Structures are given as C-alpha cells and as structure tokens.
>>> print(open('data_9.txt').read())   # compact mmCIF, C-alpha atoms
# COMPACT_ATOMS: atom_id res chain seq x y z
CA MET A 1 18.58 20.65 13.04
CA ASP A 2 21.17 22.37 10.82
CA ASN A 3 23.81 21.64 13.37
CA LYS A 4 22.86 17.97 13.42
CA SER A 5 22.98 17.83 9.64
CA VAL A 6 26.54 19.08 9.54
CA GLU A 7 27.56 16.55 12.14
CA LEU A 8 26.01 13.74 10.12
CA ASP A 9 28.02 14.57 7.02
CA ALA A 10 31.21 14.43 9.04
CA VAL A 11 30.12 11.24 10.76
CA PHE A 12 29.33 9.45 7.51
CA HIS A 13 32.70 10.48 6.13
CA ALA A 14 34.43 9.30 9.29
CA LEU A 15 32.67 5.93 9.18
CA ALA A 16 33.43 5.33 5.52
CA ASP A 17 36.92 4.07 6.30
CA PRO A 18 37.82 0.66 7.83
CA THR A 19 40.77 2.05 9.82
CA ARG A 20 38.57 4.66 11.46
CA ARG A 21 35.86 2.12 12.19
CA ALA A 22 38.45 -0.13 13.83
CA VAL A 23 39.69 2.80 15.95
CA LEU A 24 36.12 3.49 17.09
CA ALA A 25 35.60 -0.17 17.89
CA GLN A 26 38.75 -0.23 20.00
CA LEU A 27 37.77 2.97 21.82
CA GLY A 28 34.43 1.32 22.54
CA GLU A 29 36.36 -0.83 24.98
CA GLY A 30 37.94 2.14 26.75
CA THR A 31 40.31 5.06 26.28
CA ALA A 32 43.61 4.41 24.52
CA THR A 33 46.77 6.26 23.59
CA ILE A 34 47.68 7.07 20.00
CA GLY A 35 50.43 4.45 20.22
CA GLU A 36 48.01 1.77 21.34
CA LEU A 37 45.49 2.68 18.66
CA ALA A 38 48.12 2.74 15.88
CA ALA A 39 49.74 -0.55 16.86
CA PRO A 40 47.45 -2.91 14.89
CA PHE A 41 47.98 -0.98 11.65
CA ASP A 42 50.88 -1.18 9.25
CA MET A 43 50.77 2.54 8.64
CA ALA A 44 53.11 5.50 9.08
CA LEU A 45 52.22 7.65 12.07
CA PRO A 46 51.45 10.81 10.02
CA SER A 47 48.91 8.80 7.96
CA PHE A 48 47.38 7.38 11.09
CA MET A 49 47.15 10.86 12.64
CA LYS A 50 45.11 12.00 9.64
CA HIS A 51 42.52 9.38 10.54
CA ILE A 52 42.54 10.59 14.15
CA GLY A 53 42.06 14.14 12.83
CA VAL A 54 39.01 13.10 10.80
CA LEU A 55 37.50 11.40 13.84
CA GLU A 56 38.13 14.45 16.00
CA ARG A 57 36.65 16.88 13.48
CA SER A 58 33.58 14.67 13.20
CA ARG A 59 33.42 14.90 17.00
CA LEU A 60 33.21 11.13 17.31
CA ILE A 61 36.27 11.17 19.54
CA VAL A 62 38.09 13.59 21.80
CA SER A 63 41.78 13.56 22.63
CA ARG A 64 43.83 15.00 25.46
CA LYS A 65 47.59 15.46 25.62
CA SER A 66 49.45 14.81 28.83
CA GLY A 67 53.20 15.27 28.53
CA ARG A 68 54.17 13.47 25.34
CA VAL A 69 51.26 11.06 25.38
CA ARG A 70 47.97 11.77 23.62
CA THR A 71 44.96 9.80 24.88
CA CYS A 72 41.76 9.34 22.90
CA ALA A 73 38.21 8.58 24.03
CA LEU A 74 34.84 8.21 22.34
CA ASP A 75 32.61 11.27 22.47
CA ARG A 76 29.51 9.31 23.28
CA ASN A 77 27.04 12.14 22.94
CA ASN A 78 27.75 12.64 19.29
CA LEU A 79 28.02 8.94 18.61
CA ILE A 80 24.64 8.39 20.12
CA ALA A 81 23.12 10.96 17.78
CA ALA A 82 24.27 9.87 14.35
CA GLU A 83 26.48 6.84 14.30
CA ARG A 84 23.82 5.03 16.20
CA TRP A 85 21.34 5.38 13.37
CA PHE A 86 23.91 4.22 10.85
CA GLY A 87 24.87 1.33 13.11
CA GLU A 88 21.25 0.34 13.60
CA GLN A 89 20.61 0.23 9.87
CA HIS A 90 23.74 -1.81 9.42
CA LEU A 91 22.71 -4.18 12.18
CA LEU A 92 19.16 -4.45 10.89
CA TRP A 93 20.30 -5.64 7.47
CA GLN A 94 23.00 -7.83 8.93
CA THR A 95 20.66 -9.72 11.24
CA ARG A 96 17.95 -9.89 8.59
CA TYR A 97 20.40 -11.44 6.13
CA SER A 98 21.80 -13.79 8.72
CA LYS A 99 18.30 -15.23 9.05
CA LEU A 100 18.11 -15.54 5.27
CA ASP A 101 21.40 -17.47 5.28
CA ASN A 102 19.86 -19.94 7.70
CA LEU A 103 16.66 -20.23 5.69
CA LEU A 104 18.57 -20.84 2.46
CA ALA A 105 20.69 -23.48 4.16
CA SER A 106 17.62 -25.27 5.53
CA ILE A 107 15.87 -25.21 2.15
CA LYS A 108 18.94 -26.62 0.46
CA GLY A 109 19.07 -29.36 3.09
CA ASP A 110 22.46 -28.18 4.17
CA ASP A 111 22.96 -29.53 7.62
CA ASN A 112 26.73 -29.27 7.68
CA ASP A 113 27.62 -26.03 9.40
CA GLU A 114 30.90 -25.38 7.67
CA MET B 1 29.62 -20.37 8.91
CA THR B 2 29.08 -17.62 6.40
CA SER B 3 31.76 -15.12 7.38
CA ASN B 4 33.33 -15.26 3.92
CA LEU B 5 30.20 -13.95 2.23
CA ARG B 6 30.59 -10.44 0.89
CA TYR B 7 28.71 -7.73 2.80
CA ASP B 8 29.02 -4.05 1.89
CA PHE B 9 27.01 -1.36 3.57
CA GLY B 10 27.28 2.28 2.56
CA ALA B 11 25.45 5.53 3.01
CA ASP B 12 25.64 8.50 0.67
CA LYS B 13 24.02 11.31 2.50
CA ALA B 14 24.40 13.87 -0.28
CA ASN B 15 22.36 11.66 -2.63
CA GLY B 16 20.07 10.36 0.09
CA THR B 17 20.90 6.70 -0.55
CA LEU B 18 21.85 3.59 1.36
CA THR B 19 23.43 0.72 -0.58
CA ILE B 20 23.51 -2.78 0.83
CA ALA B 21 25.29 -5.52 -1.14
CA ARG B 22 25.29 -9.05 0.21
CA GLU B 23 26.28 -12.41 -1.22
CA PHE B 24 24.26 -15.56 -0.50
CA ASP B 25 25.38 -19.13 -0.79
CA ALA B 26 22.50 -20.27 -3.00
CA GLU B 27 21.39 -20.14 -6.62
CA ARG B 28 19.65 -17.03 -7.89
CA GLN B 29 16.18 -18.58 -8.31
CA LEU B 30 16.07 -19.62 -4.67
CA VAL B 31 17.33 -16.25 -3.38
CA TRP B 32 14.75 -14.54 -5.58
CA ASP B 33 11.98 -16.77 -4.21
CA CYS B 34 13.01 -15.89 -0.66
CA HIS B 35 12.55 -12.20 -1.48
CA THR B 36 9.28 -12.49 -3.32
CA THR B 37 7.04 -15.11 -1.71
CA GLN B 38 5.14 -14.58 1.52
CA GLU B 39 5.84 -17.97 3.07
CA LEU B 40 9.58 -17.44 2.74
CA LEU B 41 9.66 -13.70 3.54
CA ASP B 42 7.84 -14.40 6.80
CA GLN B 43 10.73 -16.60 7.87
CA TRP B 44 13.52 -14.05 7.59
CA PHE B 45 12.64 -10.46 6.76
CA ALA B 46 12.24 -8.97 10.24
CA PRO B 47 15.61 -8.32 11.89
CA LYS B 48 16.92 -10.17 14.92
CA GLY B 49 14.50 -10.40 17.83
CA LEU B 50 11.43 -9.60 15.71
CA THR B 51 9.08 -11.78 13.70
CA THR B 52 7.41 -11.02 10.37
CA LYS B 53 3.65 -11.18 9.99
CA THR B 54 2.10 -10.75 6.54
CA LYS B 55 -1.38 -9.32 6.14
CA HIS B 56 -1.43 -9.01 2.35
CA MET B 57 0.95 -10.05 -0.40
CA ASP B 58 0.49 -9.54 -4.11
CA PHE B 59 3.83 -9.72 -5.87
CA ARG B 60 3.16 -8.12 -9.25
CA ASP B 61 3.56 -4.69 -10.86
CA GLY B 62 1.26 -2.41 -8.91
CA GLY B 63 0.75 -4.94 -6.10
CA TYR B 64 2.02 -4.61 -2.56
CA TRP B 65 3.23 -6.43 0.53
CA HIS B 66 1.61 -5.31 3.80
CA TYR B 67 3.38 -6.74 6.82
CA ALA B 68 4.31 -6.10 10.41
CA MET B 69 7.53 -6.60 12.31
CA VAL B 70 6.43 -7.84 15.72
CA THR B 71 8.41 -7.45 18.94
CA PRO B 72 8.54 -10.20 21.59
CA ASP B 73 6.08 -8.18 23.73
CA GLY B 74 3.60 -8.06 20.85
CA GLN B 75 4.13 -4.55 19.52
CA SER B 76 3.67 -4.36 15.73
CA PHE B 77 5.47 -2.00 13.36
CA TRP B 78 3.43 -1.97 10.16
CA ASN B 79 5.14 -1.48 6.81
CA ARG B 80 4.07 -1.55 3.23
CA LEU B 81 6.17 -2.26 0.14
CA ASP B 82 4.48 -1.18 -3.10
CA TYR B 83 5.89 -2.99 -6.14
CA LEU B 84 6.55 -0.76 -9.15
CA THR B 85 8.28 -3.01 -11.66
CA ILE B 86 9.27 -6.66 -11.50
CA ASP B 87 11.68 -8.42 -13.83
CA PRO B 88 12.12 -12.02 -12.59
CA ILE B 89 14.72 -13.12 -11.51
CA ASP B 90 16.90 -10.06 -12.11
CA THR B 91 15.43 -7.06 -10.35
CA TYR B 92 12.44 -5.40 -8.77
CA GLU B 93 11.66 -1.86 -7.71
CA ALA B 94 9.37 -0.91 -4.88
CA ILE B 95 8.37 1.98 -2.62
CA ASP B 96 8.80 1.38 1.09
CA GLY B 97 6.85 3.17 3.77
CA PHE B 98 5.38 3.00 7.24
CA CYS B 99 1.65 2.46 7.49
CA ASP B 100 -1.05 1.45 9.95
CA GLU B 101 -2.74 -1.89 10.42
CA SER B 102 -5.26 -1.10 7.69
CA GLY B 103 -2.45 -0.41 5.22
CA ARG B 104 -2.91 3.35 5.10
CA VAL B 105 0.51 4.88 4.46
CA ASN B 106 1.80 7.43 6.94
CA THR B 107 2.73 10.31 4.65
CA ASP B 108 4.42 12.20 7.49
CA MET B 109 7.19 9.63 7.46
CA PRO B 110 9.79 9.66 4.69
CA ARG B 111 9.36 6.99 2.03
CA SER B 112 12.12 5.43 0.05
CA GLN B 113 12.42 3.64 -3.27
CA TRP B 114 14.14 0.26 -3.30
CA THR B 115 15.95 -1.12 -6.30
CA VAL B 116 16.88 -4.72 -5.60
CA THR B 117 19.14 -6.50 -8.09
CA PHE B 118 20.10 -10.18 -8.19
CA THR B 119 23.27 -11.29 -9.98
CA ASP B 120 25.15 -14.56 -10.27
CA VAL B 121 28.59 -14.67 -8.69
CA SER B 122 29.90 -18.12 -9.58
CA VAL B 123 27.62 -20.49 -7.61
CA ARG B 124 26.47 -17.73 -5.31
CA THR B 125 24.05 -14.84 -5.68
CA LEU B 126 24.76 -11.19 -5.00
CA VAL B 127 21.80 -9.10 -3.88
CA THR B 128 22.27 -5.35 -4.16
CA THR B 129 19.66 -3.12 -2.55
CA VAL B 130 19.74 0.62 -3.18
CA VAL B 131 17.44 2.50 -0.81
CA ARG B 132 16.85 5.95 -2.23
CA TYR B 133 15.04 8.67 -0.30
CA ASP B 134 13.29 11.25 -2.42
CA SER B 135 15.85 13.83 -1.32
CA PRO B 136 18.77 14.27 1.07
CA ASP B 137 16.16 15.82 3.36
CA GLY B 138 14.26 12.53 3.29
CA LEU B 139 17.27 10.63 4.56
CA GLN B 140 17.90 13.31 7.16
CA LYS B 141 14.32 13.02 8.32
CA ALA B 142 14.55 9.24 8.48
CA ILE B 143 17.62 9.59 10.68
CA GLU B 144 15.94 12.07 12.98
CA MET B 145 12.81 9.97 13.30
CA GLY B 146 14.84 6.81 13.77
CA LEU B 147 16.61 8.49 16.64
CA GLU B 148 13.36 9.24 18.33
CA GLY B 149 12.68 5.60 19.08
CA GLY B 150 10.45 3.15 17.32
CA MET B 151 12.48 0.21 16.16
CA ALA B 152 15.59 1.72 17.66
CA SER B 153 14.50 0.69 21.13
CA THR B 154 14.63 -2.97 20.15
CA MET B 155 18.19 -2.72 18.93
CA GLU B 156 21.28 -3.21 20.95
CA ARG B 157 23.11 -0.49 22.76
CA LEU B 158 25.92 1.48 21.22
CA ASP B 159 28.64 -0.64 22.76
CA GLU B 160 27.19 -3.66 21.05
CA LEU B 161 26.97 -1.87 17.73
CA LEU B 162 30.60 -0.91 17.57
CA PRO B 163 31.92 -4.44 17.01
CA VAL B 164 29.45 -4.76 14.15
CA LEU B 165 31.03 -1.78 12.44
CA LYS B 166 34.51 -3.11 12.94
CA GLY B 167 36.21 -4.15 9.79
CA ARG B 168 33.09 -4.51 7.76
>>> encode(input="data_9.txt", output="structure tokens")
Amino acid sequence: MDNKSVELDAVFHALADPTRRAVLAQLGEGTATIGELAAPFDMALPSFMKHIGVLERSRLIVSRKSGRVRTCALDRNNLIAAERWFGEQHLLWQTRYSKLDNLLASIKGDDNDE
Amino acid sequence: MTSNLRYDFGADKANGTLTIAREFDAERQLVWDCHTTQELLDQWFAPKGLTTKTKHMDFRDGGYWHYAMVTPDGQSFWNRLDYLTIDPIDTYEAIDGFCDESGRVNTDMPRSQWTVTFTDVSVRTLVTTVVRYDSPDGLQKAIEMGLEGGMASTMERLDELLPVLKGR
C-alpha cells in the first residue's frame, strides 16, 4: 500500500496541470512522438519536456527513443490504479451536475437549448 | 448548451480533500432548493446511468438524508448524509457515508465531511463543495476501496474518462 500511496501523490501532481491532462488525452488515442504531442501547444520545447518528465516520473506514461525520435505511450497499469479513481470522481460530479443543469432549465421553463 | 459554465475539480491528497466548484445558470434560491428538497434531489443527484431513491429526508440541523443510487439492473448503493449545520441559502455542512438499507452507517468505510457553499455570480450561482476526509489516510482508503469495484463498475472505461479530463 505504501507503494501505491507514493504513486498517487505523483499522479495527482501530474493531473493538476491542463497541458499534462491534454497530453494524456492525446495518448489515450495512441502512441505519439514528442513532436506530435508538443504541436498543439505554444510552448518552448524545454518547457514541454518538463511536463513529459513529470508524466514519466508519475509513471503515467513511458517513452522510448529510436534514433532521434522519442515516442510516448500511456502506461495503462498505473493509470488504471490511480487516475481512474480521480477520473471517476470527476465524471461522477460532472454527470450529476449535468442532470442538475437540465432540471434547472426545465423548472425555469427554458426550452431554448442555447 | 452549458459548456461556458465554470467547472473546477481538484484533489489535495496531503489534506485529504476534494474541491468541486461549479456554476449554474439559475438564481441562488432555486439552486439551493435543488440541493435541499427530496423531490428535486431525486431528479438529479445520482450520476449518469443511475437513479436516486430517497427513503428518508429531514433537512434540518441534526437531520439526515437516507437515499440509494440505483443501477439499471436494480442494484442499490445506500448512502446517508447527516446534516450538521444549515444556513439557508448560503451554506450547509454534512457528513457523508455509506450505509445499509436500514440506514446503519458502515463504519469500515471512510466518511467525509461536506461543506457546500452557494454564492451569487452575476445572474448565476456558484456551488463550491469541499469534501474533506478525516485524514489523508481516509482519502487513501476511499481511493483503494473505490478501486475495488462498487460504483466504479458502472462508470465508463479509462479510454472514455480521458476526454473528460482534457482541458477541464
């Protein structure tokens, strides 16, 4: 359990940043090179590499260098342990509140879905 | 429809807290009513895919809400929210916990204290919920137990969770 606890601290830190969450989301669709992952961000490469470093140390992702190209992938085992719980809590509140939005709209007699 | 409503979700593991802040496009009295009356709670409180069933509701200091979140195949997860202090329409504090159908709290499961605050933001209402476990160990235990199943099985797979995390 101690081992899991340490991982969770690193995972929470890793997930606290929108850039890192976006990187995880992109890797959820498949492996990608550093260049591909960095492309959507207006950020210097050394800054972006710091985010990659945080994700690697949290063991949410793994990377492999082949020639001059570094490729990243999700480490699903660790994601399944901790990020999943965080994600589930997030999703629970999000879907709960989405229902409340609908209820509020119906009470107010709002039938224009803007 | 509501994508421009503020939604912040954060976890502070060292302090054993989760903080959820969400804006609603309605006046404060109405948002408060939705959080504090059975007829309205039953219509939204259970997350996606589940329905809410109230067995007992007494919204006052020292009262409690005893309810189940029911899965489509009829499985009930019983919960109990014990109200500590209520200050309409600004804030209430309560203790959350798992229980059985008779309302007896499962003391093996971690409990958490909720502080729910309602504030005006122009014509909207911001609801801030701080979920505080009695210790970092309590949050850790909640995570470990959550991972063992229960509600988790009704939630989407990891691949479907990742887009939720994106940019939020």
>>> interface_residues(input="data_9.txt", of="chain A", to="chain B", cutoff="7 Å", atoms="all atoms listed in the file", output="ChimeraX atom specification")
/A:9,18,21-22,25,28,84-85,87-88,90,92-93,95-96,99-101,104,113-114
>>> write_last_selection(input="data_9.txt", atoms="C-alpha atoms", output="PDB file, in the coordinates of the input")
ATOM      1  CA  ASP A   9      28.020  14.570   7.020  1.00  0.00           C
ATOM      2  CA  PRO A  18      37.820   0.660   7.830  1.00  0.00           C
ATOM      3  CA  ARG A  21      35.860   2.120  12.190  1.00  0.00           C
ATOM      4  CA  ALA A  22      38.450  -0.130  13.830  1.00  0.00           C
ATOM      5  CA  ALA A  25      35.600  -0.170  17.890  1.00  0.00           C
ATOM      6  CA  GLY A  28      34.430   1.320  22.540  1.00  0.00           C
ATOM      7  CA  ARG A  84      23.820   5.030  16.200  1.00  0.00           C
ATOM      8  CA  TRP A  85      21.340   5.380  13.370  1.00  0.00           C
ATOM      9  CA  GLY A  87      24.870   1.330  13.110  1.00  0.00           C
ATOM     10  CA  GLU A  88      21.250   0.340  13.600  1.00  0.00           C
ATOM     11  CA  HIS A  90      23.740  -1.810   9.420  1.00  0.00           C
ATOM     12  CA  LEU A  92      19.160  -4.450  10.890  1.00  0.00           C
ATOM     13  CA  TRP A  93      20.300  -5.640   7.470  1.00  0.00           C
ATOM     14  CA  THR A  95      20.660  -9.720  11.240  1.00  0.00           C
ATOM     15  CA  ARG A  96      17.950  -9.890   8.590  1.00  0.00           C
ATOM     16  CA  LYS A  99      18.300 -15.230   9.050  1.00  0.00           C
ATOM     17  CA  LEU A 100      18.110 -15.540   5.270  1.00  0.00           C
ATOM     18  CA  ASP A 101      21.400 -17.470   5.280  1.00  0.00           C
ATOM     19  CA  LEU A 104      18.570 -20.840   2.460  1.00  0.00           C
ATOM     20  CA  ASP A 113      27.620 -26.030   9.400  1.00  0.00           C
ATOM     21  CA  GLU A 114      30.900 -25.380   7.670  1.00  0.00           C
TER      22      GLU A 114
END
>>> atom_distance(input="data_9.txt", atom1="atom CA of Thr17 of chain B", atom2="atom CA of Pro110 of chain B")
12.6 Å
>>> atom_distance(input="data_9.txt", atom1="atom CA of Gly97 of chain B", atom2="atom CA of Ala68 of chain B")
11.7 Å
>>> residues_near_point(input="data_9.txt", point="(-1.6, -3.9, 0.5)", cutoff="9 Å", atoms="only C-alpha atoms", output="JSON, numbers by chain")
{"B": [55, 56, 57, 58, 63, 64, 65, 66, 67, 80, 81, 82, 102, 103, 104]}
>>> atom_distance(input="data_9.txt", atom1="atom CA of Trp78 of chain B", atom2="atom CA of Arg28 of chain B")
28.6 Å
>>> residues_near_point(input="data_9.txt", point="(41.5, 12.8, 17.3)", cutoff="9 Å", atoms="only C-alpha atoms", output="PyMOL selection string")
chain A and resi 34+49-57+59-64+71-73
>>> closest_residue(input="data_9.txt", among="A:Phe48, A:Arg70, A:Phe86, A:Leu91", to="Ala16 of chain A", atoms="only C-alpha atoms")
A:Phe86
>>> closest_residue(input="data_9.txt", among="A:Arg68, A:Ser58, A:Leu37, A:Leu45", to="His13 of chain A", atoms="all atoms listed in the file")
A:Ser58
>>> residues_around(input="data_9.txt", residues="segment 84-94 of chain B", least_positions_apart="5", cutoff="10 Å", atoms="all atoms listed in the file", output="PyMOL selection string")
chain B and resi 28-33+35-36+59-65+112-120+127-131
>>> residues_around(input="data_9.txt", residues="Ser76 of chain B", least_positions_apart="5", cutoff="9 Å", atoms="only C-alpha atoms", output="ChimeraX atom specification")
/B:53,68-71,101
>>> decode(input="data_9.txt", residues="segment 33-154 of chain B", atoms="C-alpha atoms", output="compact mmCIF listing (two decimals), in the first residue's frame")
# COMPACT_ATOMS: atom_id res chain seq x y z
CA ASP B 33 -33.84 24.19 -3.34
CA CYS B 34 -32.45 21.61 -5.77
CA HIS B 35 -29.84 20.63 -3.18
CA THR B 36 -32.11 20.52 -0.18
CA THR B 37 -35.52 19.13 -1.10
CA GLN B 38 -36.23 15.47 -1.71
CA GLU B 39 -38.45 15.88 -4.76
CA LEU B 40 -35.73 17.82 -6.56
CA LEU B 41 -32.72 15.83 -5.31
CA ASP B 42 -34.34 12.64 -6.58
CA GLN B 43 -34.29 14.08 -10.08
CA TRP B 44 -30.56 14.75 -10.37
CA PHE B 45 -28.29 13.60 -7.57
CA ALA B 46 -27.30 10.13 -8.78
CA PRO B 47 -24.69 10.29 -11.55
CA LYS B 48 -25.30 9.29 -15.15
CA GLY B 49 -26.92 5.90 -15.61
CA LEU B 50 -28.21 5.70 -12.02
CA THR B 51 -31.40 6.91 -10.39
CA THR B 52 -31.89 8.38 -6.92
CA LYS B 53 -34.33 6.85 -4.47
CA THR B 54 -34.99 8.60 -1.15
CA LYS B 55 -36.01 6.62 1.91
CA HIS B 56 -35.85 9.43 4.47
CA MET B 57 -35.25 13.15 4.24
CA ASP B 58 -35.19 15.62 7.09
CA PHE B 59 -33.31 18.73 6.08
CA ARG B 60 -32.51 20.42 9.39
CA ASP B 61 -29.58 20.59 11.82
CA GLY B 62 -29.17 17.06 13.11
CA GLY B 63 -31.43 15.57 10.42
CA TYR B 64 -30.34 13.33 7.59
CA TRP B 65 -30.98 12.21 4.03
CA HIS B 66 -31.04 8.43 3.51
CA TYR B 67 -31.04 7.51 -0.16
CA ALA B 68 -29.91 4.94 -2.67
CA MET B 69 -28.30 5.26 -6.06
CA VAL B 70 -29.90 2.52 -8.13
CA THR B 71 -28.33 0.87 -11.17
CA PRO B 72 -30.37 -0.10 -14.25
CA ASP B 73 -30.26 -3.76 -13.11
CA GLY B 74 -31.73 -2.80 -9.74
CA GLN B 75 -28.66 -2.83 -7.52
CA SER B 76 -28.85 -0.18 -4.76
CA PHE B 77 -25.92 1.68 -3.22
CA TRP B 78 -27.19 3.14 0.03
CA ASN B 79 -25.81 6.42 1.33
CA ARG B 80 -26.57 8.70 4.20
CA LEU B 81 -25.89 12.42 4.51
CA ASP B 82 -26.13 13.69 8.10
CA TYR B 83 -26.74 17.45 8.27
CA LEU B 84 -24.62 19.28 10.84
CA THR B 85 -25.37 22.95 10.27
CA ILE B 86 -27.63 24.70 7.79
CA ASP B 87 -27.58 28.39 6.93
CA PRO B 88 -30.13 29.00 4.13
CA ILE B 89 -29.38 29.88 1.34
CA ASP B 90 -25.64 30.28 1.88
CA THR B 91 -24.15 27.06 3.12
CA TYR B 92 -24.65 23.69 4.76
CA GLU B 93 -22.32 21.14 6.29
CA ALA B 94 -22.94 17.43 6.37
CA ILE B 95 -21.24 14.09 6.96
CA ASP B 96 -21.39 11.64 4.08
CA GLY B 97 -21.14 7.90 4.46
CA PHE B 98 -22.12 4.52 3.10
CA CYS B 99 -24.83 2.65 4.95
CA ASP B 100 -27.25 -0.24 4.55
CA GLU B 101 -30.92 -0.19 3.67
CA SER B 102 -31.88 0.36 7.30
CA GLY B 103 -29.65 3.45 7.47
CA ARG B 104 -26.97 1.89 9.65
CA VAL B 105 -23.67 3.53 8.72
CA ASN B 106 -20.82 1.29 7.61
CA THR B 107 -18.02 2.46 9.89
CA ASP B 108 -15.45 0.38 7.99
CA MET B 109 -15.78 2.76 5.08
CA PRO B 110 -14.19 6.21 5.24
CA ARG B 111 -16.60 9.07 5.88
CA SER B 112 -16.17 12.59 4.68
CA GLN B 113 -17.45 16.00 5.72
CA TRP B 114 -19.06 18.16 3.04
CA THR B 115 -19.09 21.93 3.15
CA VAL B 116 -21.35 23.20 0.40
CA THR B 117 -21.39 26.94 -0.28
CA PHE B 118 -23.71 28.89 -2.59
CA THR B 119 -22.67 32.29 -3.93
CA ASP B 120 -24.10 34.69 -6.49
CA VAL B 121 -22.05 35.23 -9.63
CA SER B 122 -23.97 37.87 -11.53
CA VAL B 123 -27.21 36.09 -12.54
CA ARG B 124 -25.70 32.68 -11.94
CA THR B 125 -24.92 30.67 -8.83
CA LEU B 126 -21.59 29.13 -7.92
CA VAL B 127 -21.74 25.98 -5.80
CA THR B 128 -18.50 25.02 -4.09
CA THR B 129 -18.33 21.62 -2.42
CA VAL B 130 -15.33 20.74 -0.27
CA VAL B 131 -15.23 17.03 0.56
CA ARG B 132 -12.89 16.54 3.49
CA TYR B 133 -11.83 13.11 4.71
CA ASP B 134 -10.90 12.91 8.36
CA SER B 135 -7.27 12.37 7.36
CA PRO B 136 -5.10 11.81 4.29
CA ASP B 137 -5.44 8.13 5.20
CA GLY B 138 -9.21 8.47 4.80
CA LEU B 139 -8.84 9.71 1.25
CA GLN B 140 -6.29 7.00 0.54
CA LYS B 141 -8.71 4.40 1.84
CA ALA B 142 -11.55 5.82 -0.23
CA ILE B 143 -9.35 5.51 -3.30
CA GLU B 144 -8.38 1.94 -2.52
CA MET B 145 -11.96 0.91 -1.84
CA GLY B 146 -13.21 2.75 -4.91
CA LEU B 147 -10.75 0.78 -6.97
CA GLU B 148 -12.13 -2.46 -5.69
CA GLY B 149 -15.40 -2.01 -7.51
CA GLY B 150 -18.73 -0.84 -6.23
CA MET B 151 -19.82 2.19 -8.18
CA ALA B 152 -16.70 2.02 -10.28
CA SER B 153 -18.13 -0.84 -12.29
CA THR B 154 -20.95 1.36 -13.54
